[in-house]
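Student: Quick one, target-v4.pdb (PDB, C-alpha atoms):
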```pdb
ATOM      1  CA  MET A   1      -7.339 -23.663  18.561
ATOM      2  CA  ASN A   2      -3.826 -24.977  18.534
ATOM      3  CA  THR A   3      -2.257 -24.375  15.155
ATOM      4  CA  SER A   4       1.335 -25.195  16.033
ATOM      5  CA  SER A   5       2.445 -27.633  13.391
ATOM      6  CA  ASN A   6       4.562 -29.812  15.635
ATOM      7  CA  ALA A   7       3.327 -33.091  17.008
ATOM      8  CA  ALA A   8       7.039 -33.811  17.558
ATOM      9  CA  PRO A   9       8.547 -34.424  21.001
ATOM     10  CA  GLN A  10       8.670 -31.381  23.214
ATOM     11  CA  ILE A  11      11.066 -30.289  25.932
ATOM     12  CA  ASP A  12      11.126 -27.839  28.826
ATOM     13  CA  PRO A  13      12.591 -24.631  27.276
ATOM     14  CA  ARG A  14      14.498 -23.985  30.491
ATOM     15  CA  GLY A  15      16.718 -27.017  29.716
ATOM     16  CA  PRO A  16      18.529 -25.457  26.708
ATOM     17  CA  ARG A  17      18.652 -22.179  28.620
ATOM     18  CA  PHE A  18      20.424 -23.890  31.516
ATOM     19  CA  GLY A  19      22.869 -25.459  29.038
ATOM     20  CA  ALA A  20      23.472 -22.059  27.413
ATOM     21  CA  GLY A  21      24.415 -20.738  30.866
ATOM     22  CA  ILE A  22      27.178 -23.350  31.236
ATOM     23  CA  THR A  23      28.315 -22.752  27.628
ATOM     24  CA  MET A  24      28.374 -18.997  28.245
ATOM     25  CA  VAL A  25      30.738 -19.368  31.246
ATOM     26  CA  LEU A  26      33.026 -21.768  29.345
ATOM     27  CA  LEU A  27      33.148 -19.375  26.367
ATOM     28  CA  LEU A  28      34.033 -16.451  28.613
ATOM     29  CA  ILE A  29      36.914 -18.557  30.030
ATOM     30  CA  THR A  30      37.949 -19.442  26.439
ATOM     31  CA  ILE A  31      38.041 -15.765  25.471
ATOM     32  CA  ALA A  32      40.077 -14.818  28.568
ATOM     33  CA  LEU A  33      42.578 -17.631  27.879
ATOM     34  CA  GLY A  34      42.685 -16.758  24.185
ATOM     35  CA  LEU A  35      43.444 -13.102  24.903
ATOM     36  CA  GLN A  36      46.330 -14.203  27.120
ATOM     37  CA  ALA A  37      47.941 -16.280  24.343
ATOM     38  CA  PRO A  38      46.758 -15.023  20.947
ATOM     39  CA  GLY A  39      47.612 -18.046  18.826
ATOM     40  CA  ALA A  40      51.343 -17.403  18.402
ATOM     41  CA  GLY A  41      54.037 -20.064  17.896
ATOM     42  CA  ASP A  42      54.046 -23.139  15.716
ATOM     43  CA  LEU A  43      51.154 -25.539  15.241
ATOM     44  CA  GLY A  44      52.347 -27.861  18.017
ATOM     45  CA  THR A  45      52.248 -25.128  20.678
ATOM     46  CA  ARG A  46      49.034 -23.597  19.294
ATOM     47  CA  VAL A  47      47.007 -26.787  19.643
ATOM     48  CA  MET A  48      48.231 -27.235  23.212
ATOM     49  CA  GLU A  49      47.026 -23.775  24.270
ATOM     50  CA  PRO A  50      44.318 -23.979  26.966
ATOM     51  CA  ALA A  51      41.943 -21.728  24.995
ATOM     52  CA  PHE A  52      42.123 -24.107  22.051
ATOM     53  CA  LEU A  53      41.484 -27.139  24.252
ATOM     54  CA  VAL A  54      38.415 -25.568  25.901
ATOM     55  CA  LEU A  55      36.951 -24.396  22.567
ATOM     56  CA  GLY A  56      37.686 -27.847  21.093
ATOM     57  CA  ALA A  57      35.716 -29.452  23.930
ATOM     58  CA  LEU A  58      32.845 -26.968  23.399
ATOM     59  CA  THR A  59      32.831 -27.768  19.670
ATOM     60  CA  LEU A  60      32.423 -31.460  20.488
ATOM     61  CA  LEU A  61      29.595 -30.659  22.929
ATOM     62  CA  PHE A  62      27.826 -28.567  20.255
ATOM     63  CA  ALA A  63      28.270 -31.464  17.809
ATOM     64  CA  TRP A  64      26.672 -33.784  20.376
ATOM     65  CA  GLY A  65      23.640 -31.496  20.685
ATOM     66  CA  ALA A  66      23.393 -30.927  16.933
ATOM     67  CA  PHE A  67      23.707 -34.545  15.770
ATOM     68  CA  ALA A  68      22.275 -36.533  18.700
ATOM     69  CA  GLY A  69      19.528 -33.960  19.323
ATOM     70  CA  ILE A  70      19.124 -31.421  22.106
ATOM     71  CA  ALA A  71      17.235 -33.914  24.294
ATOM     72  CA  ARG A  72      20.305 -36.179  24.508
ATOM     73  CA  HIS A  73      22.796 -33.407  25.276
ATOM     74  CA  PRO A  74      24.703 -33.993  28.539
ATOM     75  CA  TYR A  75      23.652 -30.573  29.901
ATOM     76  CA  GLY A  76      20.043 -31.555  29.249
ATOM     77  CA  LEU A  77      20.586 -34.738  31.257
ATOM     78  CA  ILE A  78      22.121 -32.723  34.132
ATOM     79  CA  PHE A  79      19.124 -30.364  33.948
ATOM     80  CA  LYS A  80      16.664 -33.258  34.033
ATOM     81  CA  ALA A  81      18.392 -34.994  36.944
ATOM     82  CA  LEU A  82      19.353 -32.066  39.177
ATOM     83  CA  VAL A  83      17.559 -28.848  38.210
ATOM     84  CA  ARG A  84      14.107 -29.668  36.897
ATOM     85  CA  PRO A  85      12.951 -31.562  40.028
ATOM     86  CA  ARG A  86      13.524 -28.321  41.983
ATOM     87  CA  LEU A  87      11.480 -26.156  39.578
ATOM     88  CA  GLY A  88       7.748 -25.785  39.039
ATOM     89  CA  ALA A  89       6.036 -26.836  35.824
ATOM     90  CA  PRO A  90       7.065 -24.735  32.805
ATOM     91  CA  ASP A  91       4.609 -22.179  31.347
ATOM     92  CA  PHE A  92       4.942 -23.842  27.967
ATOM     93  CA  MET A  93       6.876 -26.555  26.167
ATOM     94  CA  GLU A  94       9.111 -26.201  23.142
ATOM     95  CA  ALA A  95       9.736 -28.334  20.037
ATOM     96  CA  THR A  96      13.161 -29.978  19.945
ATOM     97  CA  ALA A  97      14.015 -29.033  16.332
ATOM     98  CA  PRO A  98      14.788 -25.300  16.834
ATOM     99  CA  PRO A  99      17.234 -25.722  19.778
ATOM    100  CA  THR A 100      18.842 -28.677  17.988
ATOM    101  CA  PHE A 101      19.378 -26.427  14.949
ATOM    102  CA  ALA A 102      20.785 -23.763  17.289
ATOM    103  CA  GLN A 103      23.335 -26.336  18.486
ATOM    104  CA  LEU A 104      24.335 -26.852  14.845
ATOM    105  CA  ILE A 105      24.906 -23.110  14.431
ATOM    106  CA  GLY A 106      26.931 -23.122  17.667
ATOM    107  CA  PHE A 107      28.926 -26.050  16.306
ATOM    108  CA  LEU A 108      29.694 -24.230  13.039
ATOM    109  CA  VAL A 109      30.731 -21.021  14.816
ATOM    110  CA  SER A 110      33.025 -22.786  17.308
ATOM    111  CA  LEU A 111      34.408 -25.035  14.553
ATOM    112  CA  THR A 112      35.307 -21.862  12.627
ATOM    113  CA  GLY A 113      37.291 -20.710  15.677
ATOM    114  CA  VAL A 114      39.054 -24.076  15.920
ATOM    115  CA  VAL A 115      39.976 -24.078  12.195
ATOM    116  CA  LEU A 116      41.164 -20.447  12.247
ATOM    117  CA  HIS A 117      43.339 -21.229  15.263
ATOM    118  CA  ILE A 118      44.870 -24.285  13.560
ATOM    119  CA  LEU A 119      45.584 -22.131  10.479
ATOM    120  CA  GLY A 120      47.248 -19.606  12.792
ATOM    121  CA  VAL A 121      44.895 -16.699  12.061
ATOM    122  CA  PRO A 122      45.464 -14.125  14.833
ATOM    123  CA  TRP A 123      42.401 -13.567  17.064
ATOM    124  CA  GLY A 124      40.383 -16.107  15.006
ATOM    125  CA  LEU A 125      39.652 -18.198  18.068
ATOM    126  CA  VAL A 126      38.768 -15.187  20.232
ATOM    127  CA  GLY A 127      36.539 -13.736  17.487
ATOM    128  CA  ALA A 128      34.527 -16.928  16.975
ATOM    129  CA  ALA A 129      34.260 -17.521  20.728
ATOM    130  CA  SER A 130      32.971 -13.940  21.177
ATOM    131  CA  VAL A 131      30.212 -14.453  18.608
ATOM    132  CA  ALA A 132      29.203 -17.712  20.274
ATOM    133  CA  PHE A 133      29.383 -16.049  23.697
ATOM    134  CA  VAL A 134      26.932 -13.277  22.729
ATOM    135  CA  ALA A 135      24.469 -15.885  21.424
ATOM    136  CA  ALA A 136      24.813 -18.082  24.537
ATOM    137  CA  PHE A 137      24.438 -15.038  26.802
ATOM    138  CA  LEU A 138      21.251 -13.877  25.055
ATOM    139  CA  ASN A 139      19.813 -17.376  25.376
ATOM    140  CA  ALA A 140      20.771 -17.899  29.020
ATOM    141  CA  VAL A 141      20.003 -14.424  30.378
ATOM    142  CA  PHE A 142      17.198 -13.129  28.136
ATOM    143  CA  GLY A 143      15.663 -16.315  26.765
ATOM    144  CA  LEU A 144      16.358 -15.246  23.183
ATOM    145  CA  CYS A 145      17.629 -18.229  21.189
ATOM    146  CA  LEU A 146      19.063 -16.784  17.967
ATOM    147  CA  GLY A 147      19.559 -20.201  16.344
ATOM    148  CA  CYS A 148      15.908 -21.080  17.046
ATOM    149  CA  GLU A 149      14.762 -17.809  15.430
ATOM    150  CA  MET A 150      16.922 -18.626  12.401
ATOM    151  CA  TYR A 151      15.344 -22.072  12.219
ATOM    152  CA  ALA A 152      11.791 -20.651  12.288
ATOM    153  CA  LEU A 153      12.697 -18.094   9.582
ATOM    154  CA  LEU A 154      14.283 -20.753   7.350
ATOM    155  CA  VAL A 155      11.254 -23.053   7.709
ATOM    156  CA  ARG A 156       8.911 -20.152   6.897
ATOM    157  CA  ALA A 157      11.020 -19.237   3.852
ATOM    158  CA  LYS A 158      10.860 -22.952   2.896
ATOM    159  CA  LEU A 159      14.668 -23.026   2.732
ATOM    160  CA  ILE A 160      14.782 -26.002   5.074
ATOM    161  CA  ARG A 161      12.224 -28.688   5.636
ATOM    162  CA  PRO A 162      11.130 -29.157   9.261
ATOM    163  CA  THR A 163      12.569 -32.212  10.986
ATOM    164  CA  ALA A 164      10.927 -33.889  13.930
TER     165      ALA A 164
ATOM    166  CA  MET B   1      48.072  -9.023  26.983
ATOM    167  CA  ASP B   2      47.980  -7.818  30.571
ATOM    168  CA  PRO B   3      45.146  -8.919  32.876
ATOM    169  CA  LEU B   4      43.588  -5.453  33.143
ATOM    170  CA  GLN B   5      43.168  -5.252  29.356
ATOM    171  CA  ILE B   6      41.573  -8.715  29.335
ATOM    172  CA  VAL B   7      39.120  -7.698  32.052
ATOM    173  CA  VAL B   8      38.193  -4.540  30.100
ATOM    174  CA  ILE B   9      37.574  -6.550  26.900
ATOM    175  CA  LEU B  10      35.436  -9.128  28.749
ATOM    176  CA  ALA B  11      33.441  -6.340  30.405
ATOM    177  CA  ALA B  12      32.879  -4.649  27.020
ATOM    178  CA  LEU B  13      31.661  -7.953  25.560
ATOM    179  CA  LEU B  14      29.239  -8.432  28.462
ATOM    180  CA  LEU B  15      27.992  -4.865  28.030
ATOM    181  CA  VAL B  16      27.360  -5.318  24.292
ATOM    182  CA  ALA B  17      25.485  -8.586  24.898
ATOM    183  CA  THR B  18      23.406  -6.989  27.667
ATOM    184  CA  LEU B  19      22.466  -4.003  25.483
ATOM    185  CA  LEU B  20      21.447  -6.354  22.657
ATOM    186  CA  GLY B  21      19.308  -8.297  25.112
ATOM    187  CA  PHE B  22      17.541  -5.179  26.379
ATOM    188  CA  ALA B  23      16.968  -3.983  22.806
ATOM    189  CA  TRP B  24      15.251  -7.293  22.016
ATOM    190  CA  GLN B  25      13.268  -7.273  25.263
ATOM    191  CA  ASN B  26      12.072  -3.728  24.486
ATOM    192  CA  ALA B  27      10.749  -4.836  21.110
ATOM    193  CA  GLN B  28       8.645  -7.568  22.783
ATOM    194  CA  GLY B  29       5.052  -6.688  23.602
ATOM    195  CA  ARG B  30       5.233  -3.308  21.863
ATOM    196  CA  VAL B  31       1.744  -1.828  21.480
ATOM    197  CA  HIS B  32       0.367   0.191  18.597
ATOM    198  CA  ARG B  33      -3.178   1.546  18.824
ATOM    199  CA  HIS B  34      -5.313   2.187  15.747
ATOM    200  CA  LYS B  35      -7.302   5.414  16.047
ATOM    201  CA  ALA B  36      -9.699   5.415  13.105
ATOM    202  CA  ASP B  37     -11.596   2.556  11.521
ATOM    203  CA  SER B  38     -10.676   1.878   7.934
ATOM    204  CA  LEU B  39     -12.967   0.777   5.174
ATOM    205  CA  PRO B  40     -12.811  -2.100   4.223
ATOM    206  CA  PRO B  41     -12.080  -3.706   7.622
ATOM    207  CA  ASP B  42      -8.556  -4.809   8.489
ATOM    208  CA  VAL B  43      -9.522  -8.425   9.169
ATOM    209  CA  PRO B  44     -12.146 -10.522   7.348
ATOM    210  CA  PRO B  45     -15.085 -10.782   9.797
ATOM    211  CA  GLU B  46     -15.185 -14.573   9.403
ATOM    212  CA  LEU B  47     -11.904 -14.753  11.345
ATOM    213  CA  VAL B  48     -13.501 -12.848  14.206
ATOM    214  CA  ASP B  49     -15.624 -14.407  16.944
ATOM    215  CA  GLN B  50     -19.017 -12.711  16.546
ATOM    216  CA  SER B  51     -20.273 -13.751  19.982
ATOM    217  CA  THR B  52     -17.968 -11.422  21.939
ATOM    218  CA  ARG B  53     -17.199  -7.698  21.598
ATOM    219  CA  PHE B  54     -13.521  -8.216  20.886
ATOM    220  CA  THR B  55     -11.408 -11.014  19.506
ATOM    221  CA  LEU B  56      -7.778 -11.453  20.534
ATOM    222  CA  LEU B  57      -6.491 -12.576  17.144
ATOM    223  CA  GLN B  58      -3.084 -14.197  17.557
ATOM    224  CA  PHE B  59      -0.788 -14.745  14.572
ATOM    225  CA  SER B  60       1.503 -17.700  15.217
ATOM    226  CA  GLY B  61       4.098 -19.425  13.114
ATOM    227  CA  PRO B  62       5.774 -22.795  12.830
ATOM    228  CA  PHE B  63       8.411 -23.343  15.546
ATOM    229  CA  CYS B  64       7.654 -20.041  17.236
ATOM    230  CA  SER B  65       9.014 -20.423  20.752
ATOM    231  CA  TYR B  66       6.899 -17.791  22.516
ATOM    232  CA  CYS B  67       3.589 -18.429  20.705
ATOM    233  CA  ASP B  68       2.645 -21.125  23.224
ATOM    234  CA  ALA B  69       3.378 -18.763  26.110
ATOM    235  CA  MET B  70       1.315 -16.010  24.442
ATOM    236  CA  ARG B  71      -1.594 -18.425  23.932
ATOM    237  CA  GLY B  72      -1.637 -19.036  27.699
ATOM    238  CA  VAL B  73      -1.623 -15.309  28.476
ATOM    239  CA  LEU B  74      -4.486 -14.611  26.028
ATOM    240  CA  GLN B  75      -6.560 -17.563  27.214
ATOM    241  CA  ARG B  76      -6.293 -16.287  30.783
ATOM    242  CA  ALA B  77      -7.502 -12.861  29.560
ATOM    243  CA  VAL B  78     -10.536 -14.599  27.994
ATOM    244  CA  VAL B  79     -11.301 -16.265  31.332
ATOM    245  CA  ALA B  80     -11.000 -12.871  33.087
ATOM    246  CA  HIS B  81     -13.483 -11.248  30.643
ATOM    247  CA  PRO B  82     -16.140 -13.897  29.976
ATOM    248  CA  GLY B  83     -18.398 -13.031  27.054
ATOM    249  CA  VAL B  84     -16.404  -9.865  26.311
ATOM    250  CA  VAL B  85     -13.260 -11.153  24.628
ATOM    251  CA  SER B  86     -12.425 -14.382  22.852
ATOM    252  CA  HIS B  87      -9.191 -15.812  21.511
ATOM    253  CA  ARG B  88      -8.505 -16.986  17.965
ATOM    254  CA  GLU B  89      -5.153 -18.195  16.717
ATOM    255  CA  ILE B  90      -4.144 -18.394  13.073
ATOM    256  CA  ASP B  91      -0.981 -19.633  11.427
ATOM    257  CA  ILE B  92       0.799 -17.089   9.239
ATOM    258  CA  THR B  93       1.569 -19.806   6.701
ATOM    259  CA  ASP B  94      -2.183 -20.439   6.266
ATOM    260  CA  HIS B  95      -2.977 -16.722   5.775
ATOM    261  CA  PRO B  96      -0.069 -15.213   3.815
ATOM    262  CA  GLU B  97      -2.174 -12.384   2.280
ATOM    263  CA  LEU B  98      -3.600 -11.221   5.596
ATOM    264  CA  THR B  99      -0.160 -11.543   7.199
ATOM    265  CA  SER B 100       1.398  -9.232   4.640
ATOM    266  CA  ALA B 101      -1.607  -6.866   4.534
ATOM    267  CA  LEU B 102      -1.304  -6.364   8.303
ATOM    268  CA  ARG B 103       2.509  -6.254   8.001
ATOM    269  CA  VAL B 104       3.017  -8.995  10.589
ATOM    270  CA  SER B 105       6.781  -9.365  10.741
ATOM    271  CA  GLN B 106       7.187 -11.377  13.926
ATOM    272  CA  THR B 107       5.344 -14.116  15.758
ATOM    273  CA  PRO B 108       3.467 -13.941  17.990
ATOM    274  CA  THR B 109       1.653 -10.770  16.930
ATOM    275  CA  THR B 110      -1.754 -10.184  18.478
ATOM    276  CA  PHE B 111      -4.545  -7.895  17.304
ATOM    277  CA  ILE B 112      -7.529  -6.790  19.344
ATOM    278  CA  VAL B 113     -10.280  -6.808  16.721
ATOM    279  CA  THR B 114     -13.914  -5.650  16.824
ATOM    280  CA  THR B 115     -16.782  -7.793  15.483
ATOM    281  CA  THR B 116     -16.671  -5.695  12.299
ATOM    282  CA  GLY B 117     -13.037  -6.694  11.749
ATOM    283  CA  HIS B 118     -11.460  -3.393  12.771
ATOM    284  CA  VAL B 119      -8.170  -3.467  14.636
ATOM    285  CA  VAL B 120      -8.111  -1.540  17.916
ATOM    286  CA  SER B 121      -4.642  -2.512  19.136
ATOM    287  CA  ARG B 122      -1.684  -4.368  17.770
ATOM    288  CA  ILE B 123       0.713  -6.101  20.165
ATOM    289  CA  SER B 124       3.957  -7.217  18.512
ATOM    290  CA  GLY B 125       5.900 -10.029  20.155
ATOM    291  CA  ALA B 126       5.151 -11.825  23.394
ATOM    292  CA  ALA B 127       3.503  -9.576  25.974
ATOM    293  CA  LYS B 128       2.964  -9.803  29.714
ATOM    294  CA  PRO B 129      -0.617 -10.099  31.098
ATOM    295  CA  PRO B 130      -0.848  -6.434  32.298
ATOM    296  CA  VAL B 131      -0.218  -5.208  28.725
ATOM    297  CA  ILE B 132      -3.112  -7.320  27.407
ATOM    298  CA  GLU B 133      -5.359  -6.188  30.268
ATOM    299  CA  SER B 134      -4.670  -2.504  29.636
ATOM    300  CA  GLU B 135      -5.299  -2.916  25.893
ATOM    301  CA  ILE B 136      -8.629  -4.676  26.595
ATOM    302  CA  GLN B 137      -9.591  -1.795  28.919
ATOM    303  CA  ASN B 138      -8.580   0.696  26.225
ATOM    304  CA  ALA B 139     -10.658  -1.171  23.639
ATOM    305  CA  LEU B 140     -13.681  -1.164  25.947
ATOM    306  CA  THR B 141     -13.472   2.570  26.719
ATOM    307  CA  SER B 142     -12.494   3.820  23.257
ATOM    308  CA  ARG B 143     -15.123   1.739  21.449
ATOM    309  CA  LYS B 144     -17.720   2.809  24.026
ATOM    310  CA  ALA B 145     -16.914   6.449  23.192
ATOM    311  CA  ALA B 146     -17.119   5.705  19.467
ATOM    312  CA  SER B 147     -20.558   4.109  19.725
ATOM    313  CA  ASP B 148     -21.875   6.984  21.910
ATOM    314  CA  GLU B 149     -20.730   9.422  19.233
ATOM    315  CA  TYR B 150     -22.614   7.406  16.654
ATOM    316  CA  LEU B 151     -25.835   7.499  18.695
ATOM    317  CA  ILE B 152     -25.715  11.307  18.982
TER     318      ILE B 152
END
```
Write out the structure in this file as structure tokens.
Tutor:
Amino acid sequence: MNTSSNAAPQIDPRGPRFGAGITMVLLLITIALGLQAPGAGDLGTRVMEPAFLVLGALTLLFAWGAFAGIARHPYGLIFKALVRPRLGAPDFMEATAPPTFAQLIGFLVSLTGVVLHILGVPWGLVGAASVAFVAAFLNAVFGLCLGCEMYALLVRAKLIRPTA
Amino acid sequence: MDPLQIVVILAALLLVATLLGFAWQNAQGRVHRHKADSLPPDVPPELVDQSTRFTLLQFSGPFCSYCDAMRGVLQRAVVAHPGVVSHREIDITDHPELTSALRVSQTPTTFIVTTTGHVVSRISGAAKPPVIESEIQNALTSRKAASDEYLI
């Protein structure tokens, strides 16, 4: 008896996990760069710092996943073209809504880092990037998607209505 | 900040994330065995398959990522023990009272239940096939002992 309430499109769960691996590496680079230059100087120099540029790019990538849907994320397309043909069939498939919601959470966290950096809050960028890094690491290495768990909890609590 | 300090901070961050991951992994597939049968039964007998000795009763939820994987594991256990165990899956949103009575706090949670509705084992989170196999073996031996006692 299959009681899962999603007739919605499904994806290979290893796709978002692969994407989280790339995100994790980029976030670690962001944190290293951010620690080197902790958001000092005027606004003009702050927004040209490499850490800010990398986190800005990651924020846009999260926005892509959150608003276009996880299935249209560029990492997902790389996974489909290059990685999935080399793998066996997945043990199970996954609904697209939870990882898409997780992208939204990633977007909000990285956007917080971007805004704090623009406002000149010391270590704001590094702090937000660290939070996002832990989440990306848990997803990539352990297969625990915190944003997806949040989505399931919010649907169960009827705080959000499930989207396809 | 000098490079050594940066390396130490990055290493600490990796360590924290790894420990969190292991803590989560440890909580998956955790087993709790029930020793005595309660009265009334834990699970209404109509939710239990009466044609086999034990039912693997899986509690699933909407958008639960590992429920599908758990279903596969349990269905393979049914194939390995034909006529002995069966698999039933219920949605926690359809059975809120039972979910709270059994204190199901995560999905998937699986119970090994007798035909009378008594829980033998509880497996919280997604579990690997050997865990399910050992709990089925435990159910078979412990319930055998219980019925022998009854006959004497």
Student: With only C-alpha atoms considered, list every residue of chain B at most 6 Å from chain A, as an NGL selection string.
Tutor: :B and (1 or 17 or 21 or 62-63 or 68-69)
Student: If you count only C-alpha atoms, which residues fall within 6 Å of range 124-126 of chain B, apart from same-chain ones fewer than 3 positions away, as a list in words?
Tutor: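 In the requested format, the answer is Gln28, Gly29, Arg30, Met70, Pro108 and Thr109 of chain B.
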Student: May I ask for the distance between CA of Glu133 in chain B and CA of Asp49 in chain B, given in Å to one decimal place?
Tutor: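 Straight-line distance from CA of Glu133 in chain B to CA of Asp49 in chain B works out to 18.7 Å.
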Student: List every protein, DNA or RNA residue that has at least one atom no more than 12 Å from (-10.2, -4.1, 17.4) in the file's coordinates, counting all atoms listed in the file, and write the result as a VMD selection string.
Tutor: chain B and resid 32 to 38 41 to 43 45 48 to 49 52 to 57 85 to 86 110 to 123 135 to 143
Student: Do you have the CA of Ile90 in chain B-CA of Gly15 in chain A distance handy?
Tutor: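 It comes out at 28.0 Å.
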Student: Smallest atom-to-atom distance to Gly120 in chain A: which of A:Gly44, A:Gly147, A:Gly21, A:Gly65, using only C-alpha atoms?
Tutor: A:Gly44
Student: Which distance in Å separates CA of Pro40 in chain B and CA of Thr107 in chain B, to one decimal?
Tutor: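 Separation of CA of Pro40 in chain B and CA of Thr107 in chain B: 24.6 Å.
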Student: Which residues are near Phe107 in chain A? Cut-off 6 Å, only C-alpha atoms, ignore same chain within fewer than 6 positions. Put them as a list in words.
Tutor: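 Skipping anything fewer than 6 positions along the chain leaves Thr59, Phe62 and Ala63 of chain A.
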Student: Near range 48-58 of chain A, counting only C-alpha atoms, which residues have an atom at most 12 Å away, once you skip same-chain residues fewer than 2 positions from it, shown as a ChimeraX atom specification?
Tutor: /A:19-20,22-46,60-65,74-75,103,106-118,120,123-130,132-133
